[in-house]
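This is start-v5.txt. It holds compact mmCIF, C-alpha atoms and all ligand atoms.
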# COMPACT_ATOMS: atom_id res chain seq x y z
CA MET X 1 70.85 125.46 106.75
CA THR X 2 71.83 126.48 110.23
CA GLY X 3 73.07 123.29 111.90
CA THR X 4 76.46 121.67 111.36
CA LEU X 5 77.36 118.09 110.47
CA TYR X 6 80.50 117.00 112.35
CA ILE X 7 82.18 113.98 110.77
CA VAL X 8 83.83 112.39 113.78
CA ALA X 9 86.61 109.80 113.54
CA THR X 10 86.45 107.05 116.18
CA PRO X 11 88.99 104.35 117.18
CA ILE X 12 89.75 101.42 114.85
CA GLY X 13 90.40 99.13 117.79
CA ASN X 14 92.03 101.03 120.63
CA LEU X 15 89.64 103.19 122.63
CA GLU X 16 92.49 105.42 123.78
CA ASP X 17 92.62 106.76 120.23
CA ILE X 18 89.48 108.86 120.63
CA SER X 19 90.62 112.49 120.64
CA PRO X 20 89.49 114.97 123.30
CA ARG X 21 87.91 117.06 120.53
CA ALA X 22 86.01 114.05 119.17
CA ALA X 23 84.71 113.22 122.67
CA ARG X 24 83.70 116.85 123.29
CA THR X 25 81.92 117.04 119.93
CA LEU X 26 79.98 113.84 120.64
CA SER X 27 78.88 115.25 124.00
CA GLU X 28 77.91 118.68 122.61
CA VAL X 29 75.89 117.87 119.46
CA ASP X 30 72.11 117.48 119.56
CA PHE X 31 72.19 113.96 118.13
CA ILE X 32 74.55 111.35 116.70
CA ALA X 33 74.01 109.52 113.42
CA ALA X 34 75.64 106.09 113.79
CA GLU X 35 76.27 103.24 111.35
CA ASP X 36 75.50 100.65 114.04
CA THR X 37 73.93 102.16 117.13
CA ARG X 38 75.03 99.18 119.30
CA VAL X 39 78.69 99.71 118.37
CA THR X 40 78.47 103.46 119.04
CA LEU X 41 76.62 102.92 122.32
CA LYS X 42 79.64 100.98 123.63
CA LEU X 43 81.91 103.92 122.75
CA LEU X 44 79.52 106.43 124.36
CA ASN X 45 79.31 104.31 127.52
CA HIS X 46 83.11 104.22 127.64
CA LEU X 47 83.16 108.03 127.37
CA GLY X 48 80.27 108.48 129.83
CA ILE X 49 78.17 110.29 127.22
CA LYS X 50 74.38 109.95 126.93
CA LYS X 51 73.04 111.14 123.59
CA HIS X 52 70.19 110.46 121.21
CA LEU X 53 71.37 108.03 118.51
CA MET X 54 69.89 107.82 115.05
CA SER X 55 70.65 104.94 112.72
CA TYR X 56 72.40 105.86 109.48
CA HIS X 57 73.78 103.01 107.37
CA ALA X 58 74.17 101.87 103.77
CA HIS X 59 70.62 100.49 103.58
CA ASN X 60 68.72 103.50 104.96
CA SER X 61 71.05 106.26 103.79
CA SER X 62 68.50 107.95 101.56
CA HIS X 63 65.60 108.10 104.04
CA SER X 64 67.77 108.64 107.10
CA GLY X 65 69.90 111.20 105.25
CA GLU X 66 66.77 113.27 104.46
CA ARG X 67 65.74 113.16 108.11
CA ILE X 68 69.22 114.34 109.19
CA LEU X 69 69.07 117.21 106.68
CA GLU X 70 65.67 118.27 108.08
CA ARG X 71 67.08 118.33 111.59
CA LEU X 72 70.15 120.30 110.46
CA SER X 73 67.92 122.83 108.73
CA SER X 74 65.95 123.28 111.92
CA GLY X 75 69.19 124.31 113.63
CA GLU X 76 70.31 121.07 115.29
CA ASN X 77 73.93 119.91 115.15
CA CYS X 78 74.72 116.30 114.24
CA ALA X 79 77.81 114.12 114.72
CA LEU X 80 78.25 111.35 112.17
CA VAL X 81 80.19 108.27 113.28
CA THR X 82 80.67 104.93 111.59
CA ASP X 83 81.69 101.63 113.19
CA ALA X 84 85.39 102.44 113.23
CA GLY X 85 87.75 105.02 111.86
CA THR X 86 87.14 108.02 109.67
CA PRO X 87 83.59 108.25 108.30
CA ALA X 88 83.30 108.68 104.53
CA ILE X 89 86.40 106.52 103.88
CA SER X 90 84.94 103.33 102.39
CA ASP X 91 81.82 103.52 104.51
CA PRO X 92 78.33 105.06 104.30
CA GLY X 93 79.51 108.44 105.64
CA GLU X 94 80.41 109.34 102.06
CA THR X 95 76.76 109.65 101.01
CA LEU X 96 75.73 111.86 103.95
CA ALA X 97 78.71 114.16 103.49
CA ALA X 98 77.76 114.53 99.81
CA MET X 99 74.07 115.19 100.62
CA CYS X 100 74.99 117.86 103.19
CA ALA X 101 77.53 119.52 100.90
CA LEU X 102 74.90 119.63 98.13
CA ALA X 103 72.31 121.12 100.48
CA GLY X 104 74.76 123.80 101.60
CA ALA X 105 75.04 122.55 105.20
CA GLU X 106 78.25 123.24 107.06
CA VAL X 107 80.34 120.05 107.26
CA ILE X 108 83.29 119.86 109.66
CA ALA X 109 85.75 116.98 109.97
CA ILE X 110 87.00 115.94 113.41
CA PRO X 111 90.10 113.99 112.32
CA GLY X 112 91.36 110.79 113.87
CA PRO X 113 92.13 107.12 113.20
CA CYS X 114 91.99 105.80 109.66
CA ALA X 115 93.19 102.26 108.87
CA ALA X 116 94.40 103.20 105.37
CA LEU X 117 96.75 105.93 106.57
CA SER X 118 98.08 103.94 109.54
CA ALA X 119 98.88 101.02 107.22
CA LEU X 120 100.61 103.36 104.76
CA GLN X 121 102.64 104.98 107.54
CA VAL X 122 104.11 101.66 108.70
CA SER X 123 104.44 100.03 105.27
CA GLY X 124 107.92 101.28 104.43
CA LEU X 125 106.62 101.89 100.88
CA PRO X 126 106.74 105.34 99.23
CA SER X 127 104.10 107.58 100.76
CA GLY X 128 104.84 110.76 98.83
CA ARG X 129 102.20 109.82 96.27
CA PHE X 130 99.59 107.15 96.88
CA THR X 131 96.09 106.15 95.82
CA PHE X 132 93.33 104.76 97.99
CA GLU X 133 91.49 101.95 96.18
CA GLY X 134 89.14 100.80 98.96
CA PHE X 135 87.62 97.33 98.50
CA LEU X 136 87.89 95.57 95.15
CA SER X 137 84.46 94.72 93.83
CA THR X 138 83.20 91.16 94.27
CA SER X 139 81.69 91.32 90.77
CA ARG X 140 84.18 89.62 88.46
CA LYS X 141 83.65 92.15 85.70
CA SER X 142 84.12 95.33 87.75
CA ARG X 143 87.00 93.76 89.62
CA ALA X 144 88.82 92.93 86.36
CA ALA X 145 88.15 96.45 85.05
CA HIS X 146 89.49 98.01 88.27
CA LEU X 147 92.64 95.86 88.15
CA GLU X 148 93.12 96.67 84.49
CA GLU X 149 93.05 100.40 85.37
CA LEU X 150 95.79 99.84 87.95
CA ARG X 151 98.14 97.94 85.64
CA ASN X 152 100.49 100.91 85.13
CA GLU X 153 99.75 102.81 88.36
CA ARG X 154 103.07 104.18 89.63
CA ARG X 155 101.81 105.40 92.99
CA THR X 156 101.61 103.22 96.11
CA MET X 157 98.12 101.70 96.32
CA ILE X 158 96.04 101.02 99.43
CA PHE X 159 93.29 98.38 99.55
CA TYR X 160 90.87 97.30 102.26
CA GLU X 161 89.95 93.64 102.51
CA ALA X 162 87.92 91.26 104.64
CA PRO X 163 89.82 88.20 105.95
CA HIS X 164 87.84 85.62 103.96
CA LYS X 165 88.53 87.46 100.70
CA LEU X 166 92.17 88.32 101.34
CA LEU X 167 93.73 85.38 99.50
CA ARG X 168 91.60 85.82 96.41
CA THR X 169 92.50 89.51 96.32
CA LEU X 170 96.22 88.83 96.73
CA ARG X 171 96.07 86.27 93.91
CA ASP X 172 94.15 88.66 91.65
CA LEU X 173 96.58 91.50 92.38
CA ARG X 174 99.51 89.26 91.53
CA GLY X 175 97.80 87.97 88.36
CA ALA X 176 96.95 91.46 87.15
CA LEU X 177 99.93 93.49 88.31
CA GLY X 178 102.72 90.92 88.65
CA ASP X 179 104.78 90.18 91.72
CA ARG X 180 105.86 93.23 93.72
CA ARG X 181 106.31 94.45 97.27
CA ALA X 182 103.29 94.51 99.54
CA SER X 183 102.90 95.46 103.17
CA ILE X 184 99.95 93.81 104.87
CA SER X 185 98.71 95.23 108.15
CA ARG X 186 96.20 93.41 110.31
CA GLU X 187 94.36 94.39 113.47
CA LEU X 188 95.92 97.87 113.58
CA THR X 189 95.93 99.45 117.05
CA LYS X 190 94.63 96.16 118.57
CA LEU X 191 96.30 93.54 120.74
CA HIS X 192 97.34 91.36 117.81
CA GLU X 193 98.45 94.17 115.53
CA GLN X 194 100.90 92.94 112.92
CA THR X 195 102.48 94.30 109.75
CA LEU X 196 104.07 91.80 107.38
CA ARG X 197 106.25 93.08 104.55
CA PHE X 198 106.38 90.63 101.67
CA THR X 199 106.21 90.25 97.94
CA LEU X 200 102.71 89.31 96.76
CA ALA X 201 103.91 85.78 95.96
CA ASP X 202 105.29 85.34 99.48
CA ALA X 203 102.13 86.82 100.98
CA ILE X 204 100.03 84.28 99.08
CA SER X 205 102.19 81.38 100.36
CA HIS X 206 102.04 82.78 103.88
CA PHE X 207 98.24 83.11 103.97
CA GLU X 208 97.75 79.72 102.30
CA ALA X 209 99.59 78.24 105.27
CA THR X 210 98.12 80.60 107.91
CA PRO X 211 94.47 81.45 107.20
CA PRO X 212 93.87 85.21 107.55
CA ARG X 213 92.05 86.41 110.66
CA GLY X 214 91.12 89.95 111.64
CA GLU X 215 90.90 93.14 109.62
CA PHE X 216 93.38 93.83 106.86
CA VAL X 217 94.86 96.64 104.81
CA ILE X 218 97.06 95.85 101.81
CA VAL X 219 99.60 98.49 100.81
CA LEU X 220 101.05 97.72 97.40
CA GLU X 221 104.09 99.08 95.63
CA GLY X 222 103.33 101.01 92.43
CA ALA X 223 104.58 99.92 89.01
CA ARG X 224 108.27 100.74 88.64
CA GLU X 225 107.92 101.47 84.95
CA THR X 226 105.47 100.62 82.20
CA ALA X 227 104.98 96.89 82.58
CA PRO X 228 107.25 94.93 80.24
CA GLU X 229 105.35 92.63 77.90
CA THR X 230 106.75 89.30 79.02
CA PHE X 231 103.63 87.23 78.56
CA ASP X 232 103.59 83.93 76.70
CA ILE X 233 100.96 84.41 73.99
CA GLU X 234 100.59 80.69 73.21
CA ARG X 235 99.93 79.92 76.87
CA ALA X 236 97.56 82.89 77.18
CA LEU X 237 95.52 81.68 74.18
CA GLU X 238 95.36 78.18 75.62
CA LEU X 239 93.96 79.69 78.80
CA VAL X 240 91.34 81.63 76.82
CA GLU X 241 90.26 78.36 75.21
CA THR X 242 90.15 76.63 78.58
CA TYR X 243 87.84 79.31 80.00
CA ARG X 244 85.67 79.28 76.88
CA GLY X 245 85.49 75.48 77.18
CA GLY X 246 84.10 76.06 80.67
CA GLY X 247 81.27 78.16 79.21
CA MET X 248 82.76 81.66 79.51
CA LYS X 249 82.09 84.20 76.75
CA LEU X 250 85.11 85.10 74.61
CA ARG X 251 85.14 88.72 75.80
CA ASP X 252 85.09 87.67 79.47
CA ALA X 253 87.72 84.97 78.90
CA ALA X 254 90.02 87.48 77.16
CA GLN X 255 89.57 89.96 80.02
CA ARG X 256 90.31 87.37 82.67
CA VAL X 257 93.36 85.95 80.91
CA SER X 258 94.62 89.48 80.30
CA ALA X 259 94.42 90.16 84.04
CA GLU X 260 96.16 86.88 84.81
CA THR X 261 98.96 86.97 82.24
CA GLY X 262 99.49 90.58 81.22
CA ALA X 263 98.65 89.86 77.56
CA PRO X 264 96.57 92.72 76.06
CA LYS X 265 92.85 91.95 76.17
CA ASN X 266 92.19 93.13 72.60
CA LEU X 267 95.01 91.01 71.24
CA LEU X 268 93.64 87.91 72.96
CA TYR X 269 90.13 88.65 71.79
CA ASN X 270 91.17 89.19 68.21
CA LEU X 271 93.52 86.23 68.02
CA ALA X 272 91.04 83.90 69.66
CA SER X 273 88.20 85.01 67.42
CA GLY X 274 90.47 84.72 64.38
CA SER X 275 89.76 88.26 63.27
CA ALA X 276 93.29 89.52 63.88
CA ALA X 277 95.10 86.97 61.80
CA ARG X 278 95.04 89.10 58.67
CA GLY X 279 96.69 92.23 60.13
CA LEU X 280 99.04 90.72 62.69
CA ARG X 281 102.62 91.92 62.35
CA ARG X 282 104.06 90.96 65.71
CA PRO X 283 102.54 88.92 68.50
CA ASP X 284 102.72 91.70 71.11
CA ALA X 285 101.05 94.37 68.97
CA SER X 286 97.61 95.43 70.17
CA PRO X 287 94.92 96.22 67.57
CA GLU X 288 95.42 99.94 68.37
CA ASP X 289 99.19 99.59 67.78
CA ARG X 290 98.49 98.17 64.38
CA GLY X 291 96.07 100.94 63.55
CA ASP X 292 93.22 98.42 62.99
N1 LIG A 301 86.31 104.29 107.63
C1 LIG A 301 87.22 103.26 108.09
C2 LIG A 301 88.64 103.83 108.24
O1 LIG A 301 88.78 105.02 108.42
O2 LIG A 301 89.60 103.09 108.20
C3 LIG A 301 87.19 102.03 107.20
C4 LIG A 301 85.84 101.39 107.09
S1 LIG A 301 85.83 100.00 106.06
C5 LIG A 301 84.10 99.63 106.08
C6 LIG A 301 86.44 98.71 107.06
C7 LIG A 301 87.81 98.19 106.57
O3 LIG A 301 88.85 99.01 107.09
C8 LIG A 301 88.13 96.79 107.03
O4 LIG A 301 87.56 95.80 106.20
C9 LIG A 301 89.64 96.77 106.96
O5 LIG A 301 90.08 96.57 105.63
C10 LIG A 301 89.97 98.21 107.38
N2 LIG A 301 90.19 98.28 108.83
C11 LIG A 301 89.40 98.84 109.75
N3 LIG A 301 89.95 98.72 110.98
C12 LIG A 301 91.13 98.07 110.82
C13 LIG A 301 92.17 97.65 111.71
N4 LIG A 301 92.07 97.86 113.01
N5 LIG A 301 93.24 97.03 111.17
C14 LIG A 301 93.33 96.80 109.86
N6 LIG A 301 92.37 97.17 108.97
C15 LIG A 301 91.29 97.79 109.45

Can I see the file as structure tokens?
Ligand code: SAM
Amino acid sequence: MTGTLYIVATPIGNLEDISPRAARTLSEVDFIAAEDTRVTLKLLNHLGIKKHLMSYHAHNSSHSGERILERLSSGENCALVTDAGTPAISDPGETLAAMCALAGAEVIAIPGPCAALSALQVSGLPSGRFTFEGFLSTSRKSRAAHLEELRNERRTMIFYEAPHKLLRTLRDLRGALGDRRASISRELTKLHEQTLRFTLADAISHFEATPPRGEFVIVLEGARETAPETFDIERALELVETYRGGGMKLRDAAQRVSAETGAPKNLLYNLASGSAARGLRRPDASPEDRGD
């Protein structure tokens, strides 16, 4: 491999945020791989750069990635840009960076705007240790599993979300992790930039009254300590029955109610299926606690 892949960060809304090094790199490479060539063309026009653009997005990443590797191996240099921000952070750049690293190509980052880090910087929440969670899955099962993993996460968490899914995500976060501080940034670097610092419950009320518009990052406070078990088991079991009555499988109902109430999934499953009745010593003991 003789060519280099430059991973070039571009503005997330304010064109003044392109760095001189990013602009120089875009003008010097042999070609640019772009997530949406129309979006990148606007940026290049603004910078007065004319350059061959090649499409590289989530749906052609395998074929287009191979073609980029071929061109790198023939000695050409490529700049990878995505629609906005730092490629490879929750966008298709991740796959190309991995392919190039695997093939032994030189990969160089040209740093710049990234919505996650800007939102963290202004959140007022601890930034010494944080985790980037990207977008929550739209599949109910993977979403519940992801939230379950985060239940005792102590570090500040960063999520991306589209406006039409924001309320659902805020409600799911509150159901799974309880109420806690959240900083919600929208339209960072743009004219209507705004950062609202709430609790999740207040954020839900706010966006119920004011439908979300624009691009959002949620920065969420980590768990202060291992979550106290304050769930109401009777109410949680009633909910399991309600979901089962609606046609949901017991396992799925237990998982969903666990995310919503904080009651352990295994406990709900066992109690609802009747199999735990024999060994139950206290209502908050999970099957593992009991050594079942
Ligand atoms: N790679 C990009 C980066 O470095 O931030 C992120 C790409 S991801 C496909 C797009 C998501 O980033 C949006 O749905 C939104 O959550 C977030 N985002 C991008 N630009 C933003 C902005 N100006 N303000 C707030 N969030 C933004």

| said: I need the residue nearest Asn14 of chain X from this list: X:Ile158, X:Leu44, X:Ile184, X:Leu191. Use only C-alpha atoms for the distance. | reply: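 Looking only at the distances to Asn14 of chain X, the closest residue turns out to be X:Leu191.
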
| message | With only C-alpha atoms as the counted atoms, please give the residues lying no more than 7 Å from segment 53-61 of chain X, apart from itself and same-chain residues fewer than 3 positions off, as a ChimeraX atom specification. | response | /X:31-37,64-65,92

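Going from atom CA of Ala201 of chain X over to atom CA of Glu234 of chain X, you cover 23.5 Å.
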
| said: Calculated over all atoms listed in the file, which of the candidates X:Val81, X:Leu220, X:Ile108, X:Ala176 has the smallest distance to Glu133 of chain X? | reply: X:Leu220

| One-decimal distance in Å that lies between atom CA of Arg24 of chain X and atom CA of Lys51 of chain X | 12.1 Å

Could the residues of chain X that have an atom at most 6 Å from ligand LIG 301 (chain A) be listed as CSV, each with its closest atom pair and the distance in Å to one decimal, counting all atoms listed in the file and ordered by chain and ascending residue number?
residue,atom,partner,partner_atom,distance
X:Ile12,CA,A:LIG301,N4,4.6
X:Gly13,CA,A:LIG301,N4,5.2
X:Ala84,CA,A:LIG301,C1,5.5
X:Gly85,CA,A:LIG301,O1,3.6
X:Thr86,CA,A:LIG301,O1,3.6
X:Pro87,CA,A:LIG301,N1,4.9
X:Ile89,CA,A:LIG301,N1,4.4
X:Ser90,CA,A:LIG301,S1,5.0
X:Asp91,CA,A:LIG301,C5,4.8
X:Cys114,CA,A:LIG301,O1,3.5
X:Ala115,CA,A:LIG301,O2,3.7
X:Ala116,CA,A:LIG301,O2,5.6
X:Tyr160,CA,A:LIG301,O5,3.5
X:Glu161,CA,A:LIG301,O5,4.3
X:Ala162,CA,A:LIG301,O4,4.8
X:Ser185,CA,A:LIG301,C14,5.9
X:Arg186,CA,A:LIG301,C14,4.5
X:Glu187,CA,A:LIG301,N5,3.7
X:Leu188,CA,A:LIG301,N5,3.7
X:Thr189,CA,A:LIG301,N4,5.8
X:Glu215,CA,A:LIG301,N6,4.3
X:Phe216,CA,A:LIG301,N6,4.1
X:Val217,CA,A:LIG301,O5,4.9

| Taking into account only C-alpha atoms, which residue in the set X:Leu26, X:Leu166, X:Leu120, X:Ile7 is nearest to Gly93 of chain X? | X:Ile7

| request: Tell me, in Å to one decimal, how far atom CA of His52 of chain X is from atom CA of Ala79 of chain X. | output: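 One can read the atom CA of His52 of chain X to atom CA of Ala79 of chain X distance as 10.7 Å.
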
| If you count only C-alpha atoms, which residues fall within 10 Å of Leu147 of chain X, apart from same-chain ones fewer than 6 positions away, as a ChimeraX atom specification? | /X:136,153,172-173,175-177,259

| message | List as a ChimeraX atom specification the protein and nucleic acid residues near Glu221 of chain X, meaning an atom at most 10 Å away when only C-alpha atoms are counted, but skip any in the same chain fewer than 6 places from it. | response | /X:123-127,130,153-158,179-183,199-200

| remark: The residue from X:Ala223, X:Leu267, X:Val257, X:Ala119 with the smallest atom-to-atom distance to Glu193 of chain X, counting all atoms listed in the file, is X:Ala119

| field | Nearest to Thr82 of chain X by atom-to-atom distance, counting only C-alpha atoms, from X:His164, X:Val8, X:Phe135, X:Arg21 | value | X:Val8

Give the padded box for segment 43-49 of chain X as lines of an AutoDock Vina configuration file: axis-aligned, covering all atoms listed in the file, 5 Å on each side, centre and edge lengths in Å to one decimal.
center_x = 80.7
center_y = 107.1
center_z = 126.3
size_x = 15.0
size_y = 16.4
size_z = 17.1

| field | From X:Ser74, X:Thr25, X:Ser118, X:Ser273, residue lying nearest Gln194 of chain X [all atoms listed in the file] | value |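 Of X:Ser74, X:Thr25, X:Ser118, X:Ser273, the one nearest Gln194 of chain X is X:Ser118, counting all atoms listed in the file.
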
| message | List the spatial neighbours of Asp17 of chain X as a list in words - criterion: any atom at most 8 Å away, only C-alpha atoms, same-chain residues fewer than 5 positions off excluded. | response |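 Using only C-alpha atoms, the neighbours found are Thr10, Pro11, Gly112 and Pro113 of chain X.
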
Would you mind exporting segment 12-97 of chain X with C-alpha atoms, as a compact mmCIF listing (two decimals), in the first residue's frame?
# COMPACT_ATOMS: atom_id res chain seq x y z
CA ILE X 12 -21.47 20.15 11.56
CA GLY X 13 -23.30 23.31 10.55
CA ASN X 14 -20.94 26.27 10.49
CA LEU X 15 -18.69 26.40 7.43
CA GLU X 16 -16.15 28.51 9.30
CA ASP X 17 -15.29 25.39 11.28
CA ILE X 18 -13.36 23.79 8.42
CA SER X 19 -9.70 23.85 9.44
CA PRO X 20 -6.96 25.14 7.12
CA ARG X 21 -5.37 21.69 7.25
CA ALA X 22 -8.65 20.00 6.29
CA ALA X 23 -9.09 22.39 3.35
CA ARG X 24 -5.49 21.86 2.21
CA THR X 25 -5.86 18.08 2.45
CA LEU X 26 -9.06 18.15 0.38
CA SER X 27 -7.28 20.20 -2.29
CA GLU X 28 -4.14 18.02 -2.35
CA VAL X 29 -5.50 14.44 -2.43
CA ASP X 30 -6.11 12.62 -5.71
CA PHE X 31 -9.78 11.98 -4.95
CA ILE X 32 -12.40 12.38 -2.23
CA ALA X 33 -14.67 9.60 -1.00
CA ALA X 34 -17.91 11.27 0.14
CA GLU X 35 -21.02 9.95 1.92
CA ASP X 36 -23.27 12.21 -0.18
CA THR X 37 -21.46 13.78 -3.11
CA ARG X 38 -24.06 16.61 -3.34
CA VAL X 39 -23.41 17.65 0.27
CA THR X 40 -19.63 17.54 -0.22
CA LEU X 41 -19.85 19.43 -3.51
CA LYS X 42 -21.39 22.38 -1.65
CA LEU X 43 -18.46 22.38 0.79
CA LEU X 44 -15.92 22.13 -2.05
CA ASN X 45 -17.61 25.00 -3.91
CA HIS X 46 -17.44 27.08 -0.73
CA LEU X 47 -13.70 26.32 -0.50
CA GLY X 48 -13.12 26.83 -4.24
CA ILE X 49 -11.81 23.28 -4.65
CA LYS X 50 -12.44 21.12 -7.73
CA LYS X 51 -11.78 17.43 -7.11
CA HIS X 52 -12.96 14.05 -8.31
CA LEU X 53 -15.65 12.75 -5.93
CA MET X 54 -16.41 9.10 -5.39
CA SER X 55 -19.52 7.95 -3.57
CA TYR X 56 -18.93 6.00 -0.37
CA HIS X 57 -21.93 5.35 1.87
CA ALA X 58 -23.51 2.69 4.06
CA HIS X 59 -25.14 0.89 1.11
CA ASN X 60 -22.09 0.63 -1.18
CA SER X 61 -19.37 0.44 1.45
CA SER X 62 -18.16 -3.01 0.46
CA HIS X 63 -17.87 -2.44 -3.30
CA SER X 64 -16.79 1.18 -3.04
CA GLY X 65 -14.36 0.34 -0.22
CA GLU X 66 -12.63 -2.25 -2.45
CA ARG X 67 -12.32 0.32 -5.23
CA ILE X 68 -10.79 2.86 -2.81
CA LEU X 69 -8.29 0.24 -1.60
CA GLU X 70 -7.28 -0.50 -5.20
CA ARG X 71 -6.66 3.17 -5.83
CA LEU X 72 -4.66 3.52 -2.60
CA SER X 73 -2.53 0.54 -3.56
CA SER X 74 -1.79 2.14 -6.91
CA GLY X 75 -0.33 5.11 -5.02
CA GLU X 76 -3.24 7.56 -4.98
CA ASN X 77 -4.18 9.49 -1.83
CA CYS X 78 -7.81 9.67 -0.73
CA ALA X 79 -9.71 11.99 1.62
CA LEU X 80 -12.76 10.48 3.29
CA VAL X 81 -15.52 12.87 4.33
CA THR X 82 -19.03 12.19 5.57
CA ASP X 83 -22.01 14.55 5.56
CA ALA X 84 -20.96 16.39 8.70
CA GLY X 85 -18.44 16.07 11.47
CA THR X 86 -15.80 13.47 12.13
CA PRO X 87 -15.98 10.45 9.82
CA ALA X 88 -16.09 7.05 11.55
CA ILE X 89 -18.10 8.42 14.50
CA SER X 90 -21.55 6.88 14.00
CA ASP X 91 -21.28 7.03 10.22
CA PRO X 92 -20.02 4.82 7.38
CA GLY X 93 -16.42 6.06 7.74
CA GLU X 94 -15.94 3.38 10.38
CA THR X 95 -16.02 0.56 7.82
CA LEU X 96 -13.51 2.17 5.44
CA ALA X 97 -11.10 2.99 8.26
